[in-house]
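Enquirer: protein28.txt is reproduced in full below (compact mmCIF, N, CA and C atoms).
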```
# COMPACT_ATOMS: atom_id res chain seq x y z
N MET A 1 21.24 4.10 3.78
CA MET A 1 20.40 4.37 4.93
C MET A 1 20.00 3.03 5.56
N ALA A 2 19.99 3.00 6.86
CA ALA A 2 19.62 1.78 7.58
C ALA A 2 18.11 1.59 7.57
N GLU A 3 17.69 0.38 7.89
CA GLU A 3 16.27 0.05 7.90
C GLU A 3 15.88 -0.58 9.23
N ILE A 4 14.58 -0.49 9.50
CA ILE A 4 13.99 -1.22 10.61
C ILE A 4 13.01 -2.20 9.99
N ARG A 5 13.11 -3.46 10.41
CA ARG A 5 12.27 -4.53 9.86
C ARG A 5 11.10 -4.81 10.80
N VAL A 6 9.92 -4.95 10.20
CA VAL A 6 8.72 -5.33 10.94
C VAL A 6 8.27 -6.68 10.39
N VAL A 7 8.25 -7.70 11.26
CA VAL A 7 7.89 -9.05 10.87
C VAL A 7 6.41 -9.27 11.16
N LEU A 8 5.68 -9.73 10.14
CA LEU A 8 4.23 -9.93 10.26
C LEU A 8 3.88 -11.41 10.35
N PRO A 9 2.86 -11.74 11.14
CA PRO A 9 2.39 -13.14 11.15
C PRO A 9 1.64 -13.45 9.87
N GLY A 10 1.49 -14.74 9.58
CA GLY A 10 0.81 -15.17 8.36
C GLY A 10 -0.57 -14.60 8.19
N VAL A 11 -1.31 -14.44 9.28
CA VAL A 11 -2.68 -13.95 9.20
C VAL A 11 -2.75 -12.50 8.69
N LEU A 12 -1.68 -11.73 8.88
CA LEU A 12 -1.67 -10.33 8.43
C LEU A 12 -0.99 -10.13 7.08
N GLN A 13 -0.27 -11.11 6.62
CA GLN A 13 0.48 -10.96 5.37
C GLN A 13 -0.38 -10.63 4.15
N PRO A 14 -1.59 -11.19 4.02
CA PRO A 14 -2.42 -10.80 2.87
C PRO A 14 -2.76 -9.31 2.85
N LEU A 15 -2.76 -8.67 4.02
CA LEU A 15 -3.07 -7.24 4.10
C LEU A 15 -1.85 -6.38 3.75
N ALA A 16 -0.70 -7.04 3.60
CA ALA A 16 0.55 -6.35 3.25
C ALA A 16 1.07 -6.84 1.90
N GLY A 17 0.14 -7.18 1.02
CA GLY A 17 0.53 -7.63 -0.31
C GLY A 17 1.27 -8.95 -0.30
N GLY A 18 1.03 -9.77 0.73
CA GLY A 18 1.68 -11.07 0.82
C GLY A 18 3.06 -11.05 1.45
N GLN A 19 3.51 -9.89 1.86
CA GLN A 19 4.86 -9.77 2.43
C GLN A 19 4.89 -10.22 3.89
N SER A 20 5.96 -10.91 4.26
CA SER A 20 6.12 -11.32 5.65
C SER A 20 6.94 -10.31 6.45
N VAL A 21 7.68 -9.46 5.75
CA VAL A 21 8.51 -8.45 6.39
C VAL A 21 8.31 -7.12 5.67
N LEU A 22 8.05 -6.08 6.43
CA LEU A 22 7.98 -4.73 5.89
C LEU A 22 9.17 -3.95 6.46
N THR A 23 9.70 -3.03 5.70
CA THR A 23 10.85 -2.27 6.17
C THR A 23 10.57 -0.77 6.07
N ALA A 24 11.23 -0.03 6.96
CA ALA A 24 11.15 1.43 6.93
C ALA A 24 12.57 1.97 7.04
N PRO A 25 12.93 2.93 6.19
CA PRO A 25 14.25 3.54 6.31
C PRO A 25 14.32 4.38 7.58
N ALA A 26 15.49 4.40 8.19
CA ALA A 26 15.64 5.18 9.42
C ALA A 26 17.09 5.60 9.58
N ASP A 27 17.30 6.90 9.78
CA ASP A 27 18.64 7.42 10.07
C ASP A 27 18.98 7.25 11.54
N GLY A 28 17.94 7.12 12.35
CA GLY A 28 18.12 7.01 13.80
C GLY A 28 16.87 6.39 14.39
N PRO A 29 16.63 6.64 15.67
CA PRO A 29 15.48 6.03 16.33
C PRO A 29 14.14 6.55 15.77
N LEU A 30 13.17 5.66 15.74
CA LEU A 30 11.78 6.00 15.42
C LEU A 30 10.92 5.46 16.55
N THR A 31 9.81 6.12 16.82
CA THR A 31 8.86 5.53 17.76
C THR A 31 8.12 4.41 17.03
N VAL A 32 7.55 3.50 17.79
CA VAL A 32 6.75 2.43 17.19
C VAL A 32 5.61 3.04 16.38
N ALA A 33 5.01 4.12 16.88
CA ALA A 33 3.91 4.78 16.16
C ALA A 33 4.38 5.26 14.78
N LYS A 34 5.53 5.93 14.72
CA LYS A 34 6.06 6.43 13.45
C LYS A 34 6.46 5.27 12.53
N LEU A 35 6.99 4.22 13.12
CA LEU A 35 7.34 3.04 12.34
C LEU A 35 6.10 2.43 11.70
N LEU A 36 5.03 2.28 12.49
CA LEU A 36 3.78 1.74 11.94
C LEU A 36 3.22 2.65 10.86
N ASP A 37 3.31 3.97 11.07
CA ASP A 37 2.86 4.90 10.03
C ASP A 37 3.62 4.64 8.72
N ALA A 38 4.92 4.45 8.83
CA ALA A 38 5.75 4.27 7.64
C ALA A 38 5.45 2.95 6.93
N VAL A 39 5.36 1.86 7.68
CA VAL A 39 5.20 0.55 7.02
C VAL A 39 3.77 0.28 6.56
N THR A 40 2.79 1.01 7.10
CA THR A 40 1.41 0.79 6.68
C THR A 40 0.90 1.87 5.72
N ALA A 41 1.77 2.79 5.33
CA ALA A 41 1.35 3.88 4.45
C ALA A 41 0.71 3.37 3.16
N ASP A 42 1.23 2.29 2.63
CA ASP A 42 0.68 1.72 1.40
C ASP A 42 -0.33 0.61 1.65
N PHE A 43 -0.57 0.31 2.93
CA PHE A 43 -1.46 -0.80 3.31
C PHE A 43 -2.45 -0.32 4.37
N THR A 44 -3.42 0.51 3.97
CA THR A 44 -4.33 1.13 4.93
C THR A 44 -5.16 0.11 5.72
N VAL A 45 -5.54 -0.99 5.08
CA VAL A 45 -6.32 -2.00 5.80
C VAL A 45 -5.47 -2.62 6.91
N LEU A 46 -4.20 -2.86 6.64
CA LEU A 46 -3.30 -3.37 7.66
C LEU A 46 -3.18 -2.37 8.81
N GLY A 47 -3.04 -1.10 8.47
CA GLY A 47 -2.95 -0.07 9.50
C GLY A 47 -4.17 -0.05 10.40
N ARG A 48 -5.36 -0.20 9.80
CA ARG A 48 -6.59 -0.22 10.60
C ARG A 48 -6.71 -1.49 11.43
N ARG A 49 -6.10 -2.57 10.98
CA ARG A 49 -6.13 -3.82 11.74
C ARG A 49 -5.23 -3.73 12.99
N LEU A 50 -4.17 -2.92 12.89
CA LEU A 50 -3.24 -2.79 14.00
C LEU A 50 -3.66 -1.74 15.02
N ARG A 51 -4.22 -0.61 14.52
CA ARG A 51 -4.59 0.49 15.42
C ARG A 51 -6.02 0.93 15.14
N ASP A 52 -6.66 1.44 16.19
CA ASP A 52 -8.04 1.91 16.02
C ASP A 52 -8.05 3.33 15.47
N GLU A 53 -9.25 3.91 15.36
CA GLU A 53 -9.39 5.24 14.77
C GLU A 53 -8.72 6.35 15.57
N THR A 54 -8.40 6.09 16.84
CA THR A 54 -7.69 7.09 17.65
C THR A 54 -6.18 6.90 17.58
N GLY A 55 -5.73 5.85 16.88
CA GLY A 55 -4.30 5.58 16.77
C GLY A 55 -3.77 4.65 17.85
N THR A 56 -4.65 4.19 18.73
CA THR A 56 -4.25 3.28 19.81
C THR A 56 -4.11 1.87 19.27
N LEU A 57 -3.11 1.19 19.77
CA LEU A 57 -2.91 -0.21 19.39
C LEU A 57 -4.13 -1.03 19.81
N ARG A 58 -4.64 -1.82 18.89
CA ARG A 58 -5.80 -2.66 19.21
C ARG A 58 -5.41 -3.68 20.26
N ARG A 59 -6.37 -4.03 21.11
CA ARG A 59 -6.06 -4.90 22.27
C ARG A 59 -5.64 -6.30 21.87
N PHE A 60 -6.04 -6.76 20.69
CA PHE A 60 -5.67 -8.10 20.26
C PHE A 60 -4.38 -8.11 19.44
N VAL A 61 -3.70 -6.98 19.36
CA VAL A 61 -2.44 -6.88 18.64
C VAL A 61 -1.32 -6.63 19.65
N ASN A 62 -0.28 -7.43 19.58
CA ASN A 62 0.89 -7.25 20.44
C ASN A 62 2.09 -6.98 19.55
N ILE A 63 2.89 -6.02 19.96
CA ILE A 63 4.09 -5.67 19.21
C ILE A 63 5.28 -5.81 20.15
N TYR A 64 6.29 -6.50 19.65
CA TYR A 64 7.50 -6.76 20.42
C TYR A 64 8.69 -6.11 19.74
N VAL A 65 9.52 -5.45 20.54
CA VAL A 65 10.77 -4.88 20.06
C VAL A 65 11.89 -5.67 20.73
N ASP A 66 12.64 -6.40 19.93
CA ASP A 66 13.69 -7.27 20.45
C ASP A 66 13.20 -8.14 21.60
N GLY A 67 11.98 -8.67 21.47
CA GLY A 67 11.44 -9.60 22.45
C GLY A 67 10.68 -8.97 23.60
N ASP A 68 10.67 -7.65 23.70
CA ASP A 68 9.95 -6.97 24.78
C ASP A 68 8.65 -6.38 24.25
N GLU A 69 7.54 -6.70 24.89
CA GLU A 69 6.22 -6.23 24.47
C GLU A 69 6.13 -4.72 24.75
N VAL A 70 5.72 -3.94 23.75
CA VAL A 70 5.76 -2.48 23.88
C VAL A 70 4.83 -1.95 24.97
N ARG A 71 3.77 -2.67 25.28
CA ARG A 71 2.88 -2.20 26.36
C ARG A 71 3.60 -2.21 27.71
N ARG A 72 4.64 -3.01 27.83
CA ARG A 72 5.43 -3.06 29.07
C ARG A 72 6.58 -2.05 29.03
N LEU A 73 6.73 -1.40 27.90
CA LEU A 73 7.75 -0.37 27.74
C LEU A 73 7.04 0.99 27.73
N GLN A 74 7.18 1.74 26.65
CA GLN A 74 6.51 3.05 26.54
C GLN A 74 5.38 3.03 25.52
N GLY A 75 4.82 1.86 25.27
CA GLY A 75 3.71 1.76 24.32
C GLY A 75 4.15 2.16 22.93
N LEU A 76 3.30 2.89 22.23
CA LEU A 76 3.62 3.32 20.87
C LEU A 76 4.73 4.36 20.83
N GLU A 77 5.10 4.91 21.98
CA GLU A 77 6.21 5.86 22.06
C GLU A 77 7.55 5.16 22.28
N THR A 78 7.55 3.84 22.37
CA THR A 78 8.79 3.07 22.49
C THR A 78 9.66 3.35 21.28
N GLU A 79 10.93 3.63 21.53
CA GLU A 79 11.84 3.91 20.42
C GLU A 79 12.44 2.62 19.87
N VAL A 80 12.60 2.62 18.55
CA VAL A 80 13.20 1.51 17.83
C VAL A 80 14.34 2.08 17.01
N VAL A 81 15.47 1.39 17.01
CA VAL A 81 16.62 1.85 16.22
C VAL A 81 16.91 0.84 15.11
N PRO A 82 17.53 1.29 14.03
CA PRO A 82 17.88 0.36 12.97
C PRO A 82 18.65 -0.83 13.54
N GLY A 83 18.30 -2.00 13.02
CA GLY A 83 18.92 -3.22 13.49
C GLY A 83 18.08 -3.99 14.49
N GLN A 84 17.14 -3.30 15.14
CA GLN A 84 16.25 -4.00 16.06
C GLN A 84 15.14 -4.68 15.26
N GLU A 85 14.66 -5.80 15.79
CA GLU A 85 13.56 -6.50 15.13
C GLU A 85 12.25 -6.16 15.83
N VAL A 86 11.25 -5.85 15.02
CA VAL A 86 9.91 -5.56 15.53
C VAL A 86 9.01 -6.68 15.03
N LEU A 87 8.34 -7.33 15.96
CA LEU A 87 7.49 -8.46 15.64
C LEU A 87 6.05 -8.13 16.01
N VAL A 88 5.14 -8.33 15.07
CA VAL A 88 3.71 -8.11 15.30
C VAL A 88 3.06 -9.47 15.49
N ILE A 89 2.30 -9.59 16.57
CA ILE A 89 1.55 -10.82 16.85
C ILE A 89 0.09 -10.44 17.02
N GLN A 90 -0.78 -11.10 16.29
CA GLN A 90 -2.21 -10.85 16.43
C GLN A 90 -2.84 -12.05 17.11
N SER A 91 -3.55 -11.80 18.19
CA SER A 91 -4.24 -12.89 18.89
C SER A 91 -5.33 -13.43 17.99
N VAL A 92 -5.48 -14.72 18.01
CA VAL A 92 -6.52 -15.38 17.24
C VAL A 92 -7.40 -16.13 18.22
N ALA A 93 -8.69 -15.82 18.20
CA ALA A 93 -9.63 -16.47 19.11
C ALA A 93 -10.63 -17.27 18.29
N GLY A 94 -11.14 -18.28 18.87
CA GLY A 94 -12.13 -19.08 18.18
C GLY A 94 -13.02 -19.80 19.19
N GLY A 95 -14.03 -20.40 18.69
CA GLY A 95 -14.90 -21.06 19.63
C GLY A 95 -15.54 -22.29 19.02
```
Translate the structure of the given file into structure tokens.
Expert:
Amino acid sequence: MAEIRVVLPGVLQPLAGGQSVLTAPADGPLTVAKLLDAVTADFTVLGRRLRDETGTLRRFVNIYVDGDEVRRLQGLETEVVPGQEVLVIQSVAGG
């Protein structure tokens, strides 16, 4: 079975057991929402860091599918197929 890889930034890796890449098996296309459900199933704190209680992507989290930001596509309904790279970027602010 093919996989879809989700690449995490260093700031989120501790919430994923130290992993820099999470994978989800996929026979075909998955939406970004379903992909996030799959890769965060064992990492609930990571899931809450990415999406709010309504399931909406948090405003400081950007997700890219093959270099395209999902908010400019179909949001969490953007389809991802095995072989595509999904990159999570979390904005970091400071003062």
Enquirer: (1.1, -1.7, 4.1) in this file's frame - what residues fall within 6.5 Å of it? Use only N, CA and C atoms and give the answer as a PyMOL selection string.
Expert: chain A and resi 15-17+39-44+46-47
Enquirer: Could you pull the residues within 12 Å of Phe60 in chain A, counting only C-alpha atoms, minus those fewer than 5 positions along the same chain, as a ChimeraX atom specification?
Expert: /A:49-52,88-93
Enquirer: Rounded to one decimal in Å, what is the spacing between CA of Leu12 in chain A and atom C of Arg71 in chain A?
Expert: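 The value is 21.6 Å.
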Enquirer: For atom C of Gly55 in chain A and atom C of Met1 in chain A, determine how far apart the two atoms are, in Å to one decimal place.
Expert: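 Those two atoms sit 26.8 Å apart.
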Enquirer: Under the rule that only N, CA and C atoms are counted, which of A:Leu57, A:Asp37, A:Val32, A:Pro25 is the nearest residue to Glu79 in chain A?
Expert: A:Val32
Enquirer: Under the rule that only C-alpha atoms are counted, which of A:Leu87, A:Thr54, A:Val80, A:Tyr64 is the nearest residue to Pro29 in chain A?
Expert: A:Val80
Enquirer: If I take atom N of Gln19 in chain A and atom N of Val6 in chain A, how far is one from the other in Å, to one decimal?
Expert: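 Going from atom N of Gln19 in chain A over to atom N of Val6 in chain A covers 11.6 Å.
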Enquirer: Of the candidates A:Val45, A:Val81, A:Val86, A:Val65, which one gets nearest to Ala26 in chain A if we count all atoms listed in the file?
Expert: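 Of all the options, A:Val81 lies closest to Ala26 in chain A.
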Enquirer: Identify, on the basis of all atoms listed in the file, every residue whose closest approach to Thr31 in chain A does not exceed 6.5 Å; exclude the query and any residue fewer than 3 positions from it along the same chain; express the result as a PyMOL selection string.
Expert: chain A and resi 34-36+76-80
Enquirer: Could you write out, as a list in words, all the residues of chain A that DSSP marks as strand (DSSP E)?
Expert: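 Matching residues for strand (DSSP E) in chain A are Ala2, Glu3, Ile4, Arg5, Val6, Val7, Val21, Leu22, Thr23, Ala24, Pro25, Ala26, Leu30, Thr31, Val61, Asn62, Ile63, Tyr64, Val65, Asp68, Glu69, Glu79, Val80, Glu85, Val86, Leu87, Val88, Ile89 and Gln90 of chain A.
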Enquirer: Any chance you could list, as JSON, numbers by chain, the residues in chain A that come up helix (DSSP H, G or I) when DSSP is run on the backbone?
Expert: {"A": [13, 14, 15, 16, 32, 33, 34, 35, 36, 37, 38, 39, 40, 44, 45, 46, 47, 48, 49, 50, 70, 71, 72, 75, 76, 77]}
Enquirer: For a quick check of understanding, using only C-alpha atoms, which of A:Gln84, A:Ser20, A:Asn62, A:Gln74 has the smallest distance to Val7 in chain A?
Expert: A:Ser20
